[in-house]
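This is target-v5.txt (compact mmCIF, C-alpha atoms and all ligand atoms).
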```txt
# COMPACT_ATOMS: atom_id res chain seq x y z
CA MET A 1 -8.74 -47.12 37.91
CA GLN A 2 -6.71 -46.00 34.94
CA THR A 3 -3.32 -44.65 36.01
CA LEU A 4 -1.44 -41.93 34.20
CA LYS A 5 1.01 -44.56 32.90
CA ASP A 6 -1.92 -46.57 31.42
CA LYS A 7 -3.18 -43.42 29.79
CA ALA A 8 0.23 -42.76 28.25
CA LYS A 9 0.14 -46.26 26.72
CA VAL A 10 -3.32 -46.10 25.20
CA MET A 11 -3.55 -42.49 24.24
CA THR A 12 -2.82 -41.51 20.71
CA LYS A 13 -0.09 -38.91 21.26
CA LYS A 14 2.33 -37.83 23.96
CA ILE A 15 2.92 -34.09 23.81
CA VAL A 16 5.71 -32.13 25.52
CA LEU A 17 4.60 -28.52 25.95
CA LEU A 18 7.50 -26.07 26.19
CA GLY A 19 6.11 -23.14 28.16
CA SER A 20 3.16 -23.43 30.53
CA GLY A 21 1.44 -20.06 30.75
CA GLU A 22 -2.18 -19.10 30.18
CA LEU A 23 -2.07 -19.98 26.47
CA GLY A 24 -0.58 -23.39 27.21
CA LYS A 25 -3.21 -24.03 29.86
CA GLU A 26 -6.06 -23.58 27.39
CA PHE A 27 -4.21 -25.70 24.83
CA VAL A 28 -3.76 -28.50 27.38
CA ILE A 29 -7.46 -28.38 28.26
CA SER A 30 -8.32 -28.77 24.56
CA ALA A 31 -5.82 -31.64 24.26
CA GLN A 32 -7.14 -33.39 27.37
CA ARG A 33 -10.61 -33.22 25.87
CA LYS A 34 -9.25 -35.22 22.94
CA GLY A 35 -7.57 -37.72 25.27
CA GLN A 36 -3.96 -36.69 24.68
CA TYR A 37 -1.12 -37.09 27.21
CA ILE A 38 0.67 -33.88 28.14
CA VAL A 39 3.94 -33.11 29.88
CA ALA A 40 3.95 -29.38 30.68
CA CYS A 41 7.33 -27.65 31.07
CA ASP A 42 8.40 -24.25 32.33
CA SER A 43 11.06 -22.61 34.46
CA TYR A 44 8.91 -22.51 37.60
CA ALA A 45 6.64 -24.96 39.42
CA GLY A 46 2.89 -24.46 39.52
CA ALA A 47 2.71 -22.74 36.12
CA PRO A 48 -0.84 -22.53 34.71
CA ALA A 49 -0.60 -25.36 32.17
CA MET A 50 1.07 -27.68 34.71
CA GLN A 51 -2.12 -27.49 36.77
CA VAL A 52 -4.07 -29.35 34.08
CA ALA A 53 -1.35 -31.55 32.52
CA ASP A 54 -0.58 -35.23 33.19
CA GLU A 55 3.02 -34.57 34.20
CA TYR A 56 5.29 -31.57 34.49
CA GLU A 57 8.99 -30.70 34.35
CA VAL A 58 10.66 -27.61 35.78
CA PHE A 59 13.89 -26.58 34.05
CA ASP A 60 15.50 -23.80 32.03
CA MET A 61 14.37 -24.40 28.45
CA LEU A 62 17.20 -22.19 27.16
CA ASP A 63 19.58 -24.87 28.44
CA GLY A 64 19.95 -27.21 25.46
CA ASP A 65 21.27 -30.13 27.51
CA ALA A 66 18.46 -29.89 30.03
CA LEU A 67 15.99 -29.76 27.14
CA GLU A 68 17.52 -32.86 25.60
CA ARG A 69 17.34 -34.70 28.94
CA VAL A 70 13.60 -34.01 29.20
CA ILE A 71 12.95 -35.07 25.59
CA THR A 72 15.01 -38.26 26.04
CA LYS A 73 13.17 -39.03 29.27
CA HIS A 74 9.65 -38.58 27.90
CA LYS A 75 10.13 -39.59 24.25
CA PRO A 76 7.18 -37.49 23.03
CA ASP A 77 5.49 -37.83 19.65
CA ILE A 78 5.02 -34.06 19.49
CA ILE A 79 6.79 -30.99 20.90
CA VAL A 80 4.59 -27.89 21.19
CA PRO A 81 6.51 -24.69 21.98
CA GLU A 82 4.42 -22.16 23.92
CA ILE A 83 7.01 -19.44 24.57
CA GLU A 84 10.04 -18.09 22.72
CA ALA A 85 12.64 -18.63 25.45
CA ILE A 86 13.72 -22.08 24.23
CA ARG A 87 17.06 -23.37 22.89
CA THR A 88 15.36 -23.68 19.52
CA GLU A 89 18.45 -24.85 17.59
CA ARG A 90 18.02 -28.23 19.33
CA LEU A 91 14.53 -28.59 17.89
CA TYR A 92 16.06 -29.35 14.47
CA ASP A 93 17.73 -32.47 15.98
CA PHE A 94 14.50 -33.65 17.59
CA GLU A 95 12.68 -33.15 14.32
CA LYS A 96 15.33 -35.19 12.48
CA GLU A 97 14.78 -37.98 15.00
CA GLY A 98 11.14 -38.11 13.92
CA ILE A 99 9.45 -36.02 16.62
CA GLN A 100 6.85 -33.59 15.26
CA VAL A 101 7.86 -30.05 16.23
CA VAL A 102 4.96 -27.59 16.06
CA PRO A 103 4.57 -26.05 13.62
CA SER A 104 8.17 -26.86 12.56
CA ALA A 105 11.67 -26.45 13.99
CA ARG A 106 12.33 -23.87 11.30
CA ALA A 107 9.30 -21.76 12.24
CA VAL A 108 10.11 -21.80 15.95
CA ASN A 109 13.79 -21.09 15.38
CA PHE A 110 13.17 -18.19 12.98
CA THR A 111 10.50 -16.48 15.06
CA MET A 112 12.42 -16.49 18.36
CA ASN A 113 14.80 -13.92 16.87
CA ARG A 114 13.41 -10.74 15.34
CA LYS A 115 16.36 -10.58 12.95
CA ALA A 116 15.69 -13.94 11.32
CA ILE A 117 11.97 -13.41 10.83
CA ARG A 118 12.22 -9.76 9.80
CA ASP A 119 14.90 -10.43 7.17
CA LEU A 120 12.92 -13.40 5.83
CA ALA A 121 9.71 -11.35 5.60
CA ALA A 122 11.15 -8.11 4.27
CA LYS A 123 14.16 -9.20 2.21
CA GLU A 124 13.32 -12.71 0.99
CA LEU A 125 9.53 -12.53 0.72
CA GLY A 126 9.27 -8.81 -0.04
CA LEU A 127 6.54 -8.09 2.54
CA LYS A 128 6.05 -4.44 3.47
CA THR A 129 7.44 -3.72 6.97
CA ALA A 130 8.57 -0.67 8.93
CA LYS A 131 12.02 0.49 7.86
CA TYR A 132 14.52 -1.15 10.23
CA PHE A 133 18.20 -1.53 11.17
CA TYR A 134 20.14 -3.55 13.72
CA ALA A 135 22.56 -2.15 16.28
CA THR A 136 25.24 -3.91 18.32
CA SER A 137 26.37 -0.75 20.15
CA LEU A 138 25.01 2.62 21.23
CA GLU A 139 27.00 4.23 18.40
CA GLU A 140 25.33 1.98 15.82
CA LEU A 141 21.97 2.75 17.37
CA LYS A 142 22.62 6.48 17.02
CA GLU A 143 23.63 6.08 13.38
CA ALA A 144 20.54 4.00 12.60
CA ALA A 145 18.28 6.52 14.36
CA LEU A 146 19.45 9.18 11.94
CA LYS A 147 18.23 6.97 9.09
CA VAL A 148 14.81 5.96 10.52
CA GLY A 149 14.12 9.32 12.20
CA PHE A 150 12.11 10.11 15.36
CA PRO A 151 10.02 8.83 16.90
CA CYS A 152 11.29 5.28 16.46
CA VAL A 153 10.88 1.97 18.27
CA VAL A 154 13.80 0.08 19.83
CA LYS A 155 13.48 -3.59 20.82
CA PRO A 156 15.79 -6.43 21.84
CA LEU A 157 16.25 -9.05 19.12
CA MET A 158 15.03 -11.63 21.56
CA SER A 159 12.13 -10.67 23.79
CA SER A 160 8.35 -10.84 23.86
CA SER A 161 5.36 -9.06 25.42
CA GLY A 162 7.14 -5.71 24.99
CA LYS A 163 10.06 -6.57 27.31
CA GLY A 164 12.95 -4.13 26.72
CA GLN A 165 10.94 -2.22 24.11
CA SER A 166 10.83 1.58 24.04
CA LEU A 167 9.45 4.39 21.95
CA VAL A 168 12.26 6.88 21.38
CA ARG A 169 11.24 10.48 20.72
CA SER A 170 14.62 12.19 20.47
CA ALA A 171 18.37 11.50 20.29
CA GLU A 172 18.71 12.20 24.03
CA GLU A 173 16.57 9.13 24.78
CA LEU A 174 18.74 6.70 22.80
CA GLU A 175 21.13 5.87 25.61
CA ASN A 176 18.27 4.85 27.90
CA ALA A 177 16.70 2.84 25.09
CA TRP A 178 20.01 1.03 24.54
CA GLU A 179 20.35 0.15 28.24
CA TYR A 180 16.70 -0.80 28.60
CA GLY A 181 16.81 -2.92 25.42
CA CYS A 182 19.93 -4.79 26.52
CA SER A 183 18.52 -5.42 30.00
CA GLY A 184 15.22 -6.70 28.55
CA SER A 185 16.96 -9.06 26.15
CA ARG A 186 16.63 -12.79 26.64
CA GLY A 187 19.88 -14.71 26.69
CA ASP A 188 23.20 -12.98 26.20
CA ILE A 189 22.68 -11.30 22.80
CA LYS A 190 23.63 -7.60 22.82
CA GLU A 191 21.90 -6.54 19.64
CA LEU A 192 18.77 -4.47 19.15
CA ILE A 193 16.42 -3.69 16.28
CA ILE A 194 15.45 -0.10 15.64
CA GLU A 195 12.30 0.47 13.61
CA GLU A 196 10.59 3.38 11.95
CA PHE A 197 7.52 4.29 14.01
CA ILE A 198 4.41 3.40 12.00
CA LYS A 199 1.54 5.80 12.63
CA PHE A 200 -1.06 3.10 12.14
CA ASP A 201 -4.81 3.61 12.41
CA SER A 202 -5.28 0.14 13.85
CA GLU A 203 -3.47 -3.11 14.35
CA ILE A 204 -4.71 -6.65 14.00
CA THR A 205 -3.78 -10.23 14.64
CA LEU A 206 -4.75 -12.53 11.82
CA LEU A 207 -5.01 -16.02 13.27
CA THR A 208 -3.91 -18.29 10.46
CA VAL A 209 -4.21 -22.08 10.48
CA THR A 210 -1.91 -24.23 8.36
CA GLN A 211 -2.90 -27.85 8.02
CA LYS A 212 -1.23 -31.15 7.20
CA ASN A 213 -3.99 -32.14 4.81
CA GLY A 214 -5.99 -29.09 3.97
CA PRO A 215 -5.92 -25.48 2.89
CA THR A 216 -4.66 -22.56 4.96
CA LEU A 217 -7.56 -21.04 6.91
CA PHE A 218 -8.00 -17.56 8.34
CA CYS A 219 -9.98 -16.47 11.39
CA PRO A 220 -11.92 -13.19 11.35
CA PRO A 221 -9.38 -10.44 12.16
CA ILE A 222 -8.78 -9.52 15.80
CA GLY A 223 -8.19 -5.88 16.70
CA HIS A 224 -6.10 -5.03 19.74
CA ILE A 225 -4.72 -2.25 21.89
CA GLN A 226 -1.18 -2.44 23.26
CA LYS A 227 0.49 -0.46 26.01
CA GLY A 228 4.25 -0.56 26.51
CA GLY A 229 4.38 -3.33 23.90
CA ASP A 230 1.97 -5.60 25.79
CA TYR A 231 -1.64 -6.28 24.96
CA ARG A 232 -4.41 -4.73 27.06
CA GLU A 233 -7.59 -5.52 25.13
CA SER A 234 -8.60 -7.37 21.99
CA PHE A 235 -11.81 -7.55 20.01
CA GLN A 236 -13.21 -9.65 17.20
CA PRO A 237 -14.09 -9.03 14.47
CA ALA A 238 -12.00 -5.93 13.79
CA HIS A 239 -13.61 -3.81 11.09
CA ILE A 240 -11.10 -3.36 8.32
CA ASP A 241 -11.14 -2.58 4.63
CA PRO A 242 -11.76 -5.87 2.74
CA ALA A 243 -8.87 -5.06 0.38
CA HIS A 244 -6.55 -4.67 3.40
CA LEU A 245 -7.78 -7.95 4.82
CA LYS A 246 -7.06 -9.72 1.55
CA GLU A 247 -3.57 -8.20 1.50
CA ALA A 248 -2.93 -9.33 5.08
CA GLN A 249 -4.17 -12.84 4.27
CA ASP A 250 -1.86 -13.07 1.27
CA MET A 251 1.11 -11.99 3.40
CA ALA A 252 0.17 -14.44 6.18
CA ASP A 253 -0.09 -17.22 3.61
CA LYS A 254 3.34 -16.37 2.17
CA VAL A 255 5.18 -16.17 5.46
CA THR A 256 3.63 -19.28 7.04
CA ARG A 257 4.32 -21.23 3.85
CA ALA A 258 7.97 -20.15 3.97
CA LEU A 259 8.29 -21.19 7.61
CA THR A 260 6.49 -24.54 7.04
CA GLY A 261 4.45 -26.78 9.33
CA ALA A 262 0.95 -27.23 10.72
CA GLY A 263 -0.63 -25.26 13.56
CA ILE A 264 -2.15 -21.90 14.36
CA TRP A 265 -0.12 -18.70 13.92
CA GLY A 266 -0.76 -15.19 15.22
CA VAL A 267 0.27 -12.94 12.36
CA GLU A 268 0.45 -9.27 13.37
CA PHE A 269 -0.19 -6.32 11.04
CA PHE A 270 -0.36 -2.53 11.26
CA LEU A 271 -3.06 -0.89 9.13
CA SER A 272 -2.91 2.64 7.84
CA HIS A 273 -5.58 4.31 5.66
CA GLU A 274 -2.84 6.26 3.98
CA ASN A 275 -0.08 3.67 3.61
CA GLY A 276 -1.86 0.32 3.62
CA VAL A 277 -0.83 -2.89 5.39
CA TYR A 278 2.49 -3.50 7.16
CA PHE A 279 3.62 -6.92 8.31
CA SER A 280 4.88 -6.61 11.91
CA GLU A 281 5.75 -10.05 13.29
CA LEU A 282 4.25 -13.46 13.93
CA SER A 283 4.10 -16.17 16.56
CA PRO A 284 3.89 -19.81 15.46
CA ARG A 285 1.42 -20.64 18.23
CA PRO A 286 -1.83 -19.35 19.76
CA HIS A 287 -1.67 -15.61 20.33
CA ASP A 288 -2.45 -13.69 23.52
CA THR A 289 -4.87 -11.37 21.70
CA GLY A 290 -6.57 -14.54 20.38
CA MET A 291 -7.83 -15.29 23.90
CA VAL A 292 -10.87 -13.33 22.73
CA THR A 293 -11.93 -16.53 20.93
CA LEU A 294 -12.57 -17.99 24.42
CA ALA A 295 -15.61 -15.69 24.45
CA GLY A 296 -17.16 -18.02 21.89
CA THR A 297 -16.64 -15.64 18.99
CA GLN A 298 -15.81 -18.56 16.72
CA ASN A 299 -17.22 -22.07 16.43
CA LEU A 300 -13.70 -23.33 17.29
CA ASN A 301 -11.44 -21.27 19.56
CA GLU A 302 -7.75 -20.74 18.76
CA PHE A 303 -6.61 -23.54 21.11
CA GLU A 304 -8.96 -26.11 19.61
CA LEU A 305 -7.82 -25.01 16.14
CA HIS A 306 -4.17 -25.38 17.12
CA LEU A 307 -4.77 -28.85 18.52
CA ARG A 308 -6.69 -30.02 15.47
CA ALA A 309 -4.03 -28.69 13.11
CA VAL A 310 -1.27 -30.30 15.19
CA LEU A 311 -2.97 -33.70 15.28
CA GLY A 312 -4.08 -33.48 11.65
CA LEU A 313 -7.76 -33.61 12.65
CA PRO A 314 -10.43 -32.11 10.37
CA ILE A 315 -11.40 -28.44 10.60
CA PRO A 316 -14.59 -28.30 8.52
CA ASN A 317 -14.98 -24.52 8.84
CA ILE A 318 -14.17 -21.45 10.93
CA LYS A 319 -17.24 -19.37 11.54
CA LEU A 320 -17.92 -16.13 13.43
CA GLU A 321 -20.66 -16.96 15.94
CA ARG A 322 -20.86 -13.65 17.85
CA ILE A 323 -18.75 -10.61 18.59
CA GLY A 324 -16.42 -10.60 21.58
CA VAL A 325 -13.81 -8.69 23.50
CA SER A 326 -11.09 -9.50 26.02
CA ALA A 327 -9.62 -7.17 28.65
CA VAL A 328 -6.61 -8.14 30.75
CA ILE A 329 -6.31 -8.24 34.52
CA LEU A 330 -2.82 -7.14 35.56
CA SER A 331 -1.11 -7.37 38.92
CA PRO A 332 -0.28 -3.99 40.47
CA ILE A 333 2.16 -5.67 42.89
CA ALA A 334 5.20 -7.94 42.91
CA SER A 335 5.08 -10.76 45.44
CA LYS A 336 6.31 -14.33 45.86
CA GLU A 337 3.10 -15.15 47.72
CA THR A 338 0.16 -16.80 45.98
CA PRO A 339 -2.04 -13.88 44.89
CA LYS A 340 -5.61 -13.33 45.99
CA TYR A 341 -8.40 -11.75 43.95
CA LYS A 342 -11.14 -9.32 44.95
CA GLY A 343 -14.23 -8.51 42.91
CA LEU A 344 -14.78 -11.89 41.22
CA GLU A 345 -18.33 -12.15 42.48
CA GLU A 346 -19.21 -8.66 41.27
CA ALA A 347 -17.67 -9.37 37.87
CA LEU A 348 -19.63 -12.57 37.46
CA LYS A 349 -22.93 -10.75 38.09
CA GLU A 350 -22.51 -9.28 34.62
CA GLU A 351 -24.40 -10.95 31.79
CA ASP A 352 -22.63 -12.53 28.85
CA THR A 353 -19.31 -12.41 30.61
CA TYR A 354 -16.65 -15.00 31.40
CA LEU A 355 -13.65 -14.62 33.61
CA ARG A 356 -10.39 -16.57 33.51
CA ILE A 357 -7.92 -16.40 36.38
CA PHE A 358 -4.79 -18.11 35.12
CA GLY A 359 -3.59 -19.34 38.53
CA LYS A 360 -0.05 -17.96 38.31
CA PRO A 361 1.56 -18.74 41.66
CA PHE A 362 3.34 -15.40 42.13
CA THR A 363 3.03 -11.84 40.87
CA LYS A 364 5.20 -9.21 39.19
CA VAL A 365 4.17 -5.63 38.49
CA ASN A 366 1.95 -5.64 35.40
CA ARG A 367 2.05 -9.44 35.10
CA ARG A 368 -1.07 -10.68 33.29
CA MET A 369 -3.03 -12.71 35.83
CA GLY A 370 -6.40 -13.11 34.18
CA VAL A 371 -8.73 -11.95 31.48
CA VAL A 372 -12.35 -10.79 31.23
CA LEU A 373 -14.29 -11.96 28.18
CA CYS A 374 -17.58 -10.41 27.05
CA TYR A 375 -19.72 -11.34 24.08
CA ALA A 376 -22.81 -10.13 22.23
CA PRO A 377 -24.76 -11.06 19.09
CA ILE A 378 -23.28 -10.19 15.70
CA GLY A 379 -24.27 -6.61 14.82
CA SER A 380 -24.06 -5.32 18.42
CA ASP A 381 -22.03 -2.26 19.37
CA LEU A 382 -18.40 -3.42 19.66
CA ASP A 383 -17.17 -0.20 21.29
CA LYS A 384 -19.77 -0.51 24.04
CA LEU A 385 -18.71 -4.10 24.63
CA ARG A 386 -15.05 -3.02 24.87
CA ASP A 387 -15.95 -0.46 27.53
CA LYS A 388 -17.91 -3.09 29.44
CA ALA A 389 -15.02 -5.58 29.51
CA LYS A 390 -12.46 -2.93 30.49
CA ASP A 391 -14.72 -1.68 33.26
CA ILE A 392 -15.22 -5.19 34.67
CA ALA A 393 -11.48 -5.98 34.45
CA SER A 394 -10.62 -2.74 36.27
CA ARG A 395 -12.83 -3.81 39.17
CA VAL A 396 -11.03 -7.13 39.68
CA GLU A 397 -8.21 -6.57 42.11
CA VAL A 398 -5.07 -8.67 42.50
CA TYR A 399 -3.50 -8.38 45.96
N1 LIG B 1 7.49 -0.02 14.33
C1 LIG B 1 6.45 0.18 15.13
N2 LIG B 1 5.64 1.26 14.93
C2 LIG B 1 4.59 1.49 15.76
N3 LIG B 1 4.25 0.70 16.78
C3 LIG B 1 4.98 -0.40 17.01
C4 LIG B 1 6.13 -0.71 16.20
N4 LIG B 1 6.66 -1.86 16.65
C5 LIG B 1 5.91 -2.24 17.72
N5 LIG B 1 4.90 -1.38 17.94
C6 LIG B 1 3.86 -1.48 18.99
O1 LIG B 1 4.34 -2.31 20.03
C7 LIG B 1 3.58 -3.53 20.09
C8 LIG B 1 4.49 -4.70 20.46
O2 LIG B 1 5.49 -4.86 19.47
P1 LIG B 1 5.96 -6.31 19.03
O3 LIG B 1 4.78 -7.12 18.64
O4 LIG B 1 7.03 -6.16 18.02
O5 LIG B 1 6.59 -6.80 20.41
P2 LIG B 1 6.61 -8.19 21.15
O6 LIG B 1 7.43 -7.95 22.36
O7 LIG B 1 7.06 -9.22 20.19
O8 LIG B 1 5.13 -8.45 21.55
P3 LIG B 1 4.35 -9.86 21.69
O9 LIG B 1 5.36 -10.90 22.02
O10 LIG B 1 3.40 -9.60 22.83
O11 LIG B 1 3.64 -10.05 20.39
C9 LIG B 1 2.94 -3.66 18.73
O12 LIG B 1 1.80 -4.48 18.77
C10 LIG B 1 2.63 -2.19 18.43
O13 LIG B 1 1.50 -1.75 19.14
N1 LIG B 2 2.90 -12.39 24.28
C1 LIG B 2 3.23 -13.72 24.61
C2 LIG B 2 2.29 -14.28 25.68
O1 LIG B 2 1.31 -13.68 26.03
N2 LIG B 2 2.59 -15.47 26.18
C3 LIG B 2 1.87 -16.09 27.25
O2 LIG B 2 2.28 -15.56 28.49
C4 LIG B 2 2.94 -16.57 29.25
C5 LIG B 2 4.05 -16.02 30.10
O3 LIG B 2 3.48 -15.25 31.09
P1 LIG B 2 4.36 -14.65 32.33
O4 LIG B 2 5.37 -13.73 31.70
O5 LIG B 2 3.35 -13.95 33.18
O6 LIG B 2 5.02 -15.83 33.01
C6 LIG B 2 3.41 -17.60 28.25
O7 LIG B 2 3.67 -18.85 28.82
C7 LIG B 2 2.22 -17.58 27.29
O8 LIG B 2 1.14 -18.32 27.79
MG MG B 3 3.67 -8.64 18.94
```

Could you rewrite the structure in this file as structure tokens?
Amino acid sequence: MQTLKDKAKVMTKKIVLLGSGELGKEFVISAQRKGQYIVACDSYAGAPAMQVADEYEVFDMLDGDALERVITKHKPDIIVPEIEAIRTERLYDFEKEGIQVVPSARAVNFTMNRKAIRDLAAKELGLKTAKYFYATSLEELKEAALKVGFPCVVKPLMSSSGKGQSLVRSAEELENAWEYGCSGSRGDIKELIIEEFIKFDSEITLLTVTQKNGPTLFCPPIGHIQKGGDYRESFQPAHIDPAHLKEAQDMADKVTRALTGAGIWGVEFFLSHENGVYFSELSPRPHDTGMVTLAGTQNLNEFELHLRAVLGLPIPNIKLERIGVSAVILSPIASKETPKYKGLEEALKEEDTYLRIFGKPFTKVNRRMGVVLCYAPIGSDLDKLRDKAKDIASRVEVY
């Protein structure tokens, strides 16, 4: 029988995955299907991607020395970041040593900090964004609020999935927003971004694929609904004005080009009938809202696209095959125990529906534990499909 060590010797690439959540799990499955060797890393044991990887490592990826130890131990060909909480400065050294960092050390380093990516997009590349300021104290936050007005949005410079983010309606709420932002900040940075609130009509993720040997490709736009800064449902294709789509594609092309490297990127935009397209932010990796592609909306889902781009494999085309929606399953409880699920059988009685339980070994309130995916032929009623997926997801219980 072939052992894991044999596999490591014969397989084409050894990949260290930094972050092992639900997105990493699907990426690992795609990579395994192409015979790659994966070491999945995260700060806790039993993380979703570890369950399907060849090896795993548990350590704090914000600890640069610990990160270096793992890279020295495994000597990967490729490092694939899956979360933002990584000592990304070290990635430049690994890249210099000849390891492929996905999409590039620069992209991962810039996007982990809202300041770096926002200044690059707005100031250097001239992309339209919400008006914004930074604040290192409550006083600075108050001053900035006077300039952006109310309501406004306050976020930590380093956070994701809406952690530490608040919508501020009046000056009285600023102190809470300051405290909440600082407490939701990753690492020890005490600096927040305060943004003008954009009254958008819709928001989209434009999955963008940059290739080693090929043109930049765009997936059909994905619409999504967020609550408290975290995604609740996504649907593809989002119906948007073709001129707005073209504008978003041009911006995505500009920003991914400036950040360099090959892989898939989730580029986020706000769309307003009145004011046009705003660039919001981007992730240099598969996007949570892009899980909708697991419903078979595209010929190649976002994880397969990422893998192909990373390995430099051909992507002949990206084609919409059917419409689809995703609706998240959240935990209502916090527990260190392995969660159980009720209602799976009922959910799976539904036609044209898939269900993914990520297998996270413990819960937190509102932690995303799974997703319901529904699909229908092109031309079907998207709103009806959204209601169907939300209804099914609401009947799956985490306890
Ligand atoms: N300036 C703004 N105006 C209006 N809504 C906003 C603004 N900034 C953020 N939001 C809302 O909050 C959501 C989350 O914001 P953002 O993407 O910046 O946070 P995040 O923590 O990086 O999220 P993720 O990591 O999940 O992408 C946005 O998708 C949007 O719905
Ligand atoms: N918006 C970013 C995002 O969705 N990232 C996904 O969530 C995981 C963390 O989940 P957890 O917080 O439940 O551990 C990450 O590992 C990634 O898969
Ligand atoms: Mg976002």

Using all atoms listed in the file, I'd like a table of the residues in chain A that come within 10 Å of ligand MG 3 (chain B); for each, show the closest atom pair and its distance in Å rounded to one decimal, ordered by chain and ascending number, as JSON lines.
```
{"residue": "A:Ser159", "atom": "CA", "partner": "B:MG3", "partner_atom": "MG", "distance": 10.0}
{"residue": "A:Ser160", "atom": "CA", "partner": "B:MG3", "partner_atom": "MG", "distance": 7.1}
{"residue": "A:Ser161", "atom": "CA", "partner": "B:MG3", "partner_atom": "MG", "distance": 6.7}
{"residue": "A:Gly162", "atom": "CA", "partner": "B:MG3", "partner_atom": "MG", "distance": 7.6}
{"residue": "A:Ile204", "atom": "CA", "partner": "B:MG3", "partner_atom": "MG", "distance": 9.9}
{"residue": "A:Thr205", "atom": "CA", "partner": "B:MG3", "partner_atom": "MG", "distance": 8.7}
{"residue": "A:Gln226", "atom": "CA", "partner": "B:MG3", "partner_atom": "MG", "distance": 9.0}
{"residue": "A:Gly229", "atom": "CA", "partner": "B:MG3", "partner_atom": "MG", "distance": 7.3}
{"residue": "A:Asp230", "atom": "CA", "partner": "B:MG3", "partner_atom": "MG", "distance": 7.7}
{"residue": "A:Tyr231", "atom": "CA", "partner": "B:MG3", "partner_atom": "MG", "distance": 8.4}
{"residue": "A:Gly266", "atom": "CA", "partner": "B:MG3", "partner_atom": "MG", "distance": 8.7}
{"residue": "A:Val267", "atom": "CA", "partner": "B:MG3", "partner_atom": "MG", "distance": 8.6}
{"residue": "A:Glu268", "atom": "CA", "partner": "B:MG3", "partner_atom": "MG", "distance": 6.5}
{"residue": "A:Phe269", "atom": "CA", "partner": "B:MG3", "partner_atom": "MG", "distance": 9.1}
{"residue": "A:Ser280", "atom": "CA", "partner": "B:MG3", "partner_atom": "MG", "distance": 7.4}
{"residue": "A:Glu281", "atom": "CA", "partner": "B:MG3", "partner_atom": "MG", "distance": 6.2}
{"residue": "A:Leu282", "atom": "CA", "partner": "B:MG3", "partner_atom": "MG", "distance": 7.0}
{"residue": "A:Ser283", "atom": "CA", "partner": "B:MG3", "partner_atom": "MG", "distance": 7.9}
{"residue": "A:His287", "atom": "CA", "partner": "B:MG3", "partner_atom": "MG", "distance": 8.9}
{"residue": "A:Asp288", "atom": "CA", "partner": "B:MG3", "partner_atom": "MG", "distance": 9.2}
{"residue": "A:Thr289", "atom": "CA", "partner": "B:MG3", "partner_atom": "MG", "distance": 9.4}
```

* Answer as a ChimeraX atom specification, residues within 12 Å of (-13.4, -22.6, 18.9) using only C-alpha atoms -> /A:26-27,30,219,290-308,315-322

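The nearest approach to ligand LIG 1 (chain B) among the residues A:Tyr399, A:Tyr37, A:Phe59, A:Phe279, with only C-alpha atoms and all ligand atoms taken into account, belongs to A:Phe279.
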
Around all of ligand LIG 1 (chain B)'s listed atoms, make the axis-aligned box with 4 Å on each side and tell me centre and edge lengths in Å to one decimal, as JSON.
```
{"center_x": 4.5, "center_y": -4.7, "center_z": 18.6, "size_x": 14.0, "size_y": 20.4, "size_z": 16.5}
```

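Taking only C-alpha atoms, the non-local environment of Asp93 of chain A within 12 Å (same-chain residues fewer than 3 positions away omitted) comprises Gly64, Leu67, Glu68, Ile71, Thr72, Arg87, Thr88, Glu89, Arg90, Lys96, Glu97, Gly98, Ile99, Gln100, Val101, Ser104, Ala105 and Arg106 of chain A.
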
Include C-alpha atoms and write out the residues we just selected as a CSV table (one decimal), in the coordinates of the input.
```csv
chain,number,residue,atom,x,y,z
A,64,GLY,CA,20.0,-27.2,25.5
A,67,LEU,CA,16.0,-29.8,27.1
A,68,GLU,CA,17.5,-32.9,25.6
A,71,ILE,CA,13.0,-35.1,25.6
A,72,THR,CA,15.0,-38.3,26.0
A,87,ARG,CA,17.1,-23.4,22.9
A,88,THR,CA,15.4,-23.7,19.5
A,89,GLU,CA,18.4,-24.8,17.6
A,90,ARG,CA,18.0,-28.2,19.3
A,96,LYS,CA,15.3,-35.2,12.5
A,97,GLU,CA,14.8,-38.0,15.0
A,98,GLY,CA,11.1,-38.1,13.9
A,99,ILE,CA,9.4,-36.0,16.6
A,100,GLN,CA,6.8,-33.6,15.3
A,101,VAL,CA,7.9,-30.0,16.2
A,104,SER,CA,8.2,-26.9,12.6
A,105,ALA,CA,11.7,-26.4,14.0
A,106,ARG,CA,12.3,-23.9,11.3
```

Can you sort out segment 212-216 of chain A so it carries N, CA and C atoms, written as a compact mmCIF listing (two decimals), in the frame of the given file?
```txt
# COMPACT_ATOMS: atom_id res chain seq x y z
N LYS A 212 -2.00 -30.08 7.85
CA LYS A 212 -1.23 -31.15 7.20
C LYS A 212 -1.92 -31.55 5.90
N ASN A 213 -3.24 -31.71 5.99
CA ASN A 213 -3.99 -32.14 4.81
C ASN A 213 -5.15 -31.21 4.56
N GLY A 214 -4.88 -30.01 4.20
CA GLY A 214 -5.99 -29.09 3.97
C GLY A 214 -5.46 -27.71 3.68
N PRO A 215 -6.34 -26.83 3.24
CA PRO A 215 -5.92 -25.48 2.89
C PRO A 215 -5.59 -24.62 4.11
N THR A 216 -4.91 -23.53 3.90
CA THR A 216 -4.66 -22.56 4.96
C THR A 216 -5.96 -21.80 5.23
```
